[in-house]
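**Q** Sharing query.pdb (PDB, C-alpha atoms) below.
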ATOM      1  CA  MET A   1       0.000   0.000   0.000
ATOM      2  CA  LYS A   2       2.832   2.336   0.886
ATOM      3  CA  THR A   3       4.519   1.590  -2.473
ATOM      4  CA  THR A   4       1.289   2.326  -4.342
ATOM      5  CA  LYS A   5       1.009   5.731  -2.624
ATOM      6  CA  ASN A   6       4.628   6.509  -3.529
ATOM      7  CA  TYR A   7       4.026   5.617  -7.201
ATOM      8  CA  LEU A   8       0.818   7.662  -7.254
ATOM      9  CA  ALA A   9       2.611  10.686  -5.781
ATOM     10  CA  LEU A  10       5.426  10.277  -8.336
ATOM     11  CA  ILE A  11       2.965  10.097 -11.261
ATOM     12  CA  ILE A  12       1.089  13.190 -10.069
ATOM     13  CA  ALA A  13       4.388  15.079  -9.673
ATOM     14  CA  LEU A  14       5.434  14.128 -13.228
ATOM     15  CA  ILE A  15       2.089  15.231 -14.670
ATOM     16  CA  LEU A  16       2.228  18.563 -12.845
ATOM     17  CA  SER A  17       5.813  19.219 -13.915
ATOM     18  CA  THR A  18       4.940  18.438 -17.544
ATOM     19  CA  VAL A  19       1.914  20.757 -17.499
ATOM     20  CA  ASN A  20       3.990  23.461 -15.801
ATOM     21  CA  GLY A  21       6.688  23.109 -18.470
ATOM     22  CA  ILE A  22       4.148  23.479 -21.247
ATOM     23  CA  TYR A  23       2.648  26.656 -19.771
ATOM     24  CA  ALA A  24       6.068  28.102 -18.996
ATOM     25  CA  SER A  25       7.123  27.792 -22.648
ATOM     26  CA  ASN A  26       3.787  29.169 -23.932
ATOM     27  CA  PRO A  27       2.462  31.786 -21.473
ATOM     28  CA  GLN A  28      -1.264  32.562 -21.605
ATOM     29  CA  GLY A  29      -1.790  29.693 -24.038
ATOM     30  CA  LYS A  30      -0.888  31.800 -27.093
ATOM     31  CA  ASN A  31      -0.860  30.091 -30.487
ATOM     32  CA  THR A  32       2.748  29.645 -31.556
ATOM     33  CA  GLN A  33       1.995  27.934 -34.878
ATOM     34  CA  ALA A  34       3.053  31.003 -36.850
ATOM     35  CA  SER A  35       6.523  30.927 -35.287
ATOM     36  CA  VAL A  36       6.806  27.156 -35.747
ATOM     37  CA  ASN A  37       5.665  27.222 -39.385
ATOM     38  CA  PRO A  38       6.236  30.770 -40.702
ATOM     39  CA  VAL A  39       5.174  31.709 -44.204
ATOM     40  CA  ILE A  40       5.828  34.488 -46.679
ATOM     41  CA  ARG A  41       3.079  37.107 -46.710
ATOM     42  CA  TYR A  42       2.265  39.125 -49.825
ATOM     43  CA  GLN A  43       0.084  42.212 -49.378
ATOM     44  CA  VAL A  44      -1.487  43.581 -52.546
ATOM     45  CA  ASN A  45      -2.889  47.110 -52.241
ATOM     46  CA  ILE A  46      -5.211  48.238 -55.028
ATOM     47  CA  TYR A  47      -5.751  51.969 -55.534
ATOM     48  CA  VAL A  48      -8.871  52.200 -57.687
ATOM     49  CA  PRO A  49      -9.630  55.497 -59.427
ATOM     50  CA  ALA A  50     -13.029  57.063 -58.835
ATOM     51  CA  SER A  51     -15.497  56.190 -61.568
ATOM     52  CA  GLU A  52     -19.116  57.077 -62.128
ATOM     53  CA  LYS A  53     -19.834  53.772 -63.886
ATOM     54  CA  PRO A  54     -19.669  50.432 -62.062
ATOM     55  CA  LEU A  55     -17.635  47.493 -63.333
ATOM     56  CA  CYS A  56     -19.630  44.789 -65.041
ATOM     57  CA  ASN A  57     -17.028  42.002 -65.365
ATOM     58  CA  LEU A  58     -15.232  40.034 -62.665
ATOM     59  CA  TYR A  59     -11.575  40.716 -61.966
ATOM     60  CA  GLN A  60      -9.141  38.716 -59.892
ATOM     61  CA  VAL A  61      -5.964  39.497 -57.975
ATOM     62  CA  GLU A  62      -3.088  37.104 -58.674
ATOM     63  CA  ILE A  63       0.451  36.397 -57.490
ATOM     64  CA  LEU A  64       2.588  34.702 -60.169
ATOM     65  CA  ASN A  65       6.149  33.415 -60.318
ATOM     66  CA  GLY A  66       8.669  34.434 -62.978
ATOM     67  CA  ASN A  67       7.324  31.766 -65.347
ATOM     68  CA  GLY A  68       3.770  33.130 -65.185
ATOM     69  CA  TYR A  69       2.316  30.388 -62.961
ATOM     70  CA  GLN A  70       0.152  31.221 -59.940
ATOM     71  CA  VAL A  71       1.991  30.479 -56.697
ATOM     72  CA  VAL A  72      -1.164  30.853 -54.573
ATOM     73  CA  PRO A  73      -4.869  30.753 -55.487
ATOM     74  CA  ALA A  74      -6.225  33.986 -56.982
ATOM     75  CA  LYS A  75      -8.784  36.098 -55.112
ATOM     76  CA  ILE A  76     -11.817  37.746 -56.675
ATOM     77  CA  PHE A  77     -11.559  41.538 -56.714
ATOM     78  CA  THR A  78     -14.347  43.197 -54.753
ATOM     79  CA  PRO A  79     -14.932  46.943 -55.316
ATOM     80  CA  GLY A  80     -14.404  48.720 -52.023
ATOM     81  CA  VAL A  81     -11.834  46.196 -50.763
ATOM     82  CA  SER A  82      -8.353  47.604 -51.276
ATOM     83  CA  VAL A  83      -6.082  45.096 -49.479
ATOM     84  CA  TYR A  84      -5.621  41.442 -50.424
ATOM     85  CA  GLU A  85      -3.286  39.103 -48.528
ATOM     86  CA  PHE A  86      -1.677  35.940 -49.852
ATOM     87  CA  PHE A  87       0.510  33.404 -48.037
ATOM     88  CA  GLU A  88       3.167  31.101 -49.472
ATOM     89  CA  ARG A  89       5.459  28.586 -47.842
ATOM     90  CA  GLY A  90       9.070  29.548 -48.152
ATOM     91  CA  PRO A  91      11.741  30.629 -48.246
ATOM     92  CA  VAL A  92      11.616  31.274 -51.983
ATOM     93  CA  ASN A  93      14.078  32.809 -54.399
ATOM     94  CA  GLY A  94      12.965  34.286 -57.705
ATOM     95  CA  TRP A  95      10.328  36.660 -59.035
ATOM     96  CA  ARG A  96       6.836  37.404 -57.752
ATOM     97  CA  ILE A  97       4.369  39.323 -59.892
ATOM     98  CA  ALA A  98       1.113  40.844 -58.618
ATOM     99  CA  ARG A  99      -1.584  41.713 -61.108
ATOM    100  CA  LEU A 100      -5.279  42.519 -61.465
ATOM    101  CA  VAL A 101      -6.835  40.817 -64.499
ATOM    102  CA  LEU A 102     -10.222  39.762 -65.855
ATOM    103  CA  ALA A 103     -11.300  36.536 -64.177
ATOM    104  CA  PRO A 104     -11.237  33.571 -66.542
ATOM    105  CA  ILE A 105     -14.524  32.445 -68.014
ATOM    106  CA  GLY A 106     -15.843  29.371 -66.231
ATOM    107  CA  LYS A 107     -18.991  27.301 -66.110
ATOM    108  CA  ASP A 108     -22.115  28.813 -64.544
ATOM    109  CA  GLY A 109     -21.735  29.085 -60.796
ATOM    110  CA  GLU A 110     -17.952  29.080 -60.964
ATOM    111  CA  GLN A 111     -15.479  31.898 -61.014
ATOM    112  CA  GLY A 112     -16.199  34.129 -63.990
ATOM    113  CA  SER A 113     -19.848  32.937 -64.078
ATOM    114  CA  GLY A 114     -19.476  31.670 -67.644
ATOM    115  CA  ARG A 115     -20.083  35.084 -69.192
ATOM    116  CA  ARG A 116     -18.029  38.053 -70.239
ATOM    117  CA  TYR A 117     -19.846  41.296 -70.932
ATOM    118  CA  GLN A 118     -19.089  44.173 -73.212
ATOM    119  CA  CYS A 119     -18.647  46.947 -70.656
ATOM    120  CA  GLU A 120     -18.385  50.695 -70.974
ATOM    121  CA  ILE A 121     -15.314  50.765 -68.772
ATOM    122  CA  GLU A 122     -12.623  48.225 -68.001
ATOM    123  CA  TYR A 123      -9.522  48.267 -65.839
ATOM    124  CA  TYR A 124      -6.037  48.003 -67.190
ATOM    125  CA  THR A 125      -3.430  47.414 -64.483
ATOM    126  CA  LYS A 126       0.303  47.300 -65.011
ATOM    127  CA  PRO A 127       1.700  44.300 -63.068
ATOM    128  CA  VAL A 128       4.138  44.914 -60.212
ATOM    129  CA  VAL A 129       7.261  42.745 -60.085
ATOM    130  CA  LEU A 130       9.480  42.026 -57.070
ATOM    131  CA  GLN A 131      12.667  39.985 -57.131
ATOM    132  CA  GLY A 132      13.559  37.786 -54.129
ATOM    133  CA  PRO A 133      14.854  36.059 -52.019
ATOM    134  CA  PHE A 134      11.587  36.064 -50.089
ATOM    135  CA  ALA A 135      12.026  35.101 -46.426
ATOM    136  CA  ASN A 136       9.609  33.363 -44.084
ATOM    137  CA  GLY A 137       7.905  35.663 -41.593
ATOM    138  CA  GLN A 138       8.304  38.717 -43.842
ATOM    139  CA  THR A 139       5.665  40.800 -45.632
ATOM    140  CA  TYR A 140       6.182  41.953 -49.211
ATOM    141  CA  ARG A 141       3.989  44.744 -50.516
ATOM    142  CA  PHE A 142       2.658  45.261 -54.034
ATOM    143  CA  ASP A 143       0.827  48.489 -54.989
ATOM    144  CA  LEU A 144      -1.438  48.258 -58.045
ATOM    145  CA  PHE A 145      -2.924  51.326 -59.740
ATOM    146  CA  PRO A 146      -5.692  50.307 -62.178
ATOM    147  CA  GLN A 147      -6.414  52.727 -64.989
ATOM    148  CA  VAL A 148      -9.929  53.082 -66.356
ATOM    149  CA  GLN A 149     -10.102  52.570 -70.080
ATOM    150  CA  LYS A 150     -12.989  52.645 -72.500
ATOM    151  CA  SER A 151     -14.019  49.267 -73.825
ATOM    152  CA  LYS A 152     -13.016  48.519 -77.418
TER     153      LYS A 152
END
In structure tokens, write the structure found in this file.
**A**
Amino acid sequence: MKTTKNYLALIIALILSTVNGIYASNPQGKNTQASVNPVIRYQVNIYVPASEKPLCNLYQVEILNGNGYQVVPAKIFTPGVSVYEFFERGPVNGWRIARLVLAPIGKDGEQGSGRRYQCEIEYYTKPVVLQGPFANGQTYRFDLFPQVQKSK
């Protein structure tokens, strides 16, 4: 019986010391996943000119590599939203290109809604290019300035 009490006391002491060690390394239970698995953050800022006419086609914001392939999924451009964030595992060396383009035509219910309209105004946006290395835990900023152009 005395041996059982000693083992029980030892097990409780080990459990308490383990729990104490966990809380000591992570005070207030904060999530440390970002520091364990950091990523590269791309922030795309879009400065849209004032226009009296609304857009009638869908546009998307993309981050491409130097070969023109998307490195992260594109995001649909929403008028009124000026900041878009993308995350990529890294580190990465090379080129990253941010651009605002017409969304590709898809099937009904998918991105692009299967239709492209002849609009009075369209956006033309010069892509912004950054050359890396791109480090984990860092933010890289792209500023896009769409220009309104009359549809052809």
**Q** As a check of understanding, name the residues that the PyMOL selection byres ((chain A and resi 89) around 7) selects in the supplied structure, as a PyMOL selection string.
**A** chain A and resi 39-40+87-88+90-91
**Q** Please list as a ChimeraX atom specification every residue within 9 Å of Asn93 (chain A), counting all atoms listed in the file and excluding residues in the same chain fewer than 3 positions away.
**A** /A:90,131-135
**Q** Restricting it to C-alpha atoms, dump the selection as an mmCIF file, in the frame of the given file.
**A**
data_model
loop_
_atom_site.group_PDB
_atom_site.id
_atom_site.type_symbol
_atom_site.label_atom_id
_atom_site.label_comp_id
_atom_site.auth_asym_id
_atom_site.auth_seq_id
_atom_site.Cartn_x
_atom_site.Cartn_y
_atom_site.Cartn_z
ATOM 1 C CA GLY A 90 9.070 29.548 -48.152
ATOM 2 C CA GLN A 131 12.667 39.985 -57.131
ATOM 3 C CA GLY A 132 13.559 37.786 -54.129
ATOM 4 C CA PRO A 133 14.854 36.059 -52.019
ATOM 5 C CA PHE A 134 11.587 36.064 -50.089
ATOM 6 C CA ALA A 135 12.026 35.101 -46.426
#
**Q** Applying 9 Å and all atoms listed in the file, which residues near region 68-74 of chain A remain after dropping the ones on its own chain fewer than 6 positions away? List them as a ChimeraX atom specification.
**A** /A:60-62,86-88,96-97
**Q** Using CA of Gly80 (chain A) and CA of Pro104 (chain A) as the two end points, give the distance in Å to one decimal.
**A**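 Between CA of Gly80 (chain A) and CA of Pro104 (chain A) the gap is 21.2 Å.
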**Q** So which residues touch Asp143 (chain A) within 7 Å, counting only C-alpha atoms, skipping near sequence neighbours fewer than 2 positions away, as a ChimeraX atom specification?
**A** /A:44-46,141,145
**Q** Next, the residues of the selection above should be written as a compact mmCIF listing (two decimals), in the frame of the given file with C-alpha atoms.
**A**
# COMPACT_ATOMS: atom_id res chain seq x y z
CA VAL A 44 -1.49 43.58 -52.55
CA ASN A 45 -2.89 47.11 -52.24
CA ILE A 46 -5.21 48.24 -55.03
CA ARG A 141 3.99 44.74 -50.52
CA PHE A 145 -2.92 51.33 -59.74
**Q** Interatomic distance between CA of Tyr42 (chain A) and CA of Gly66 (chain A)?
**A**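 Answer for the CA of Tyr42 (chain A) to CA of Gly66 (chain A) separation: 15.4 Å.
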**Q** Any idea what the distance is between CA of Gln43 (chain A) and CA of Ile105 (chain A)?
**A**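 Computing the Euclidean distance for CA of Gln43 (chain A) and CA of Ile105 (chain A) yields 25.6 Å.
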**Q** Determine, counting all atoms listed in the file, every residue of protein, DNA or RNA that lies within 7 Å of (2.9, 44.6, -58.0) in the file coordinates, then give the result as a list in words.
**A**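 So the residues meeting the distance criterion are Ile97, Ala98, Arg99, Pro127, Val128, Val129, Phe142, Asp143 and Leu144 of chain A.
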**Q** List the spatial neighbours of Val48 (chain A) as a list in words - criterion: any atom at most 10 Å away, only C-alpha atoms, same-chain residues fewer than 6 positions off excluded.
**A**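 My list of contacting residues is Pro79, Gly80, Val81, Ser82, Tyr123, Thr125, Leu144, Phe145, Pro146, Gln147 and Val148 of chain A.
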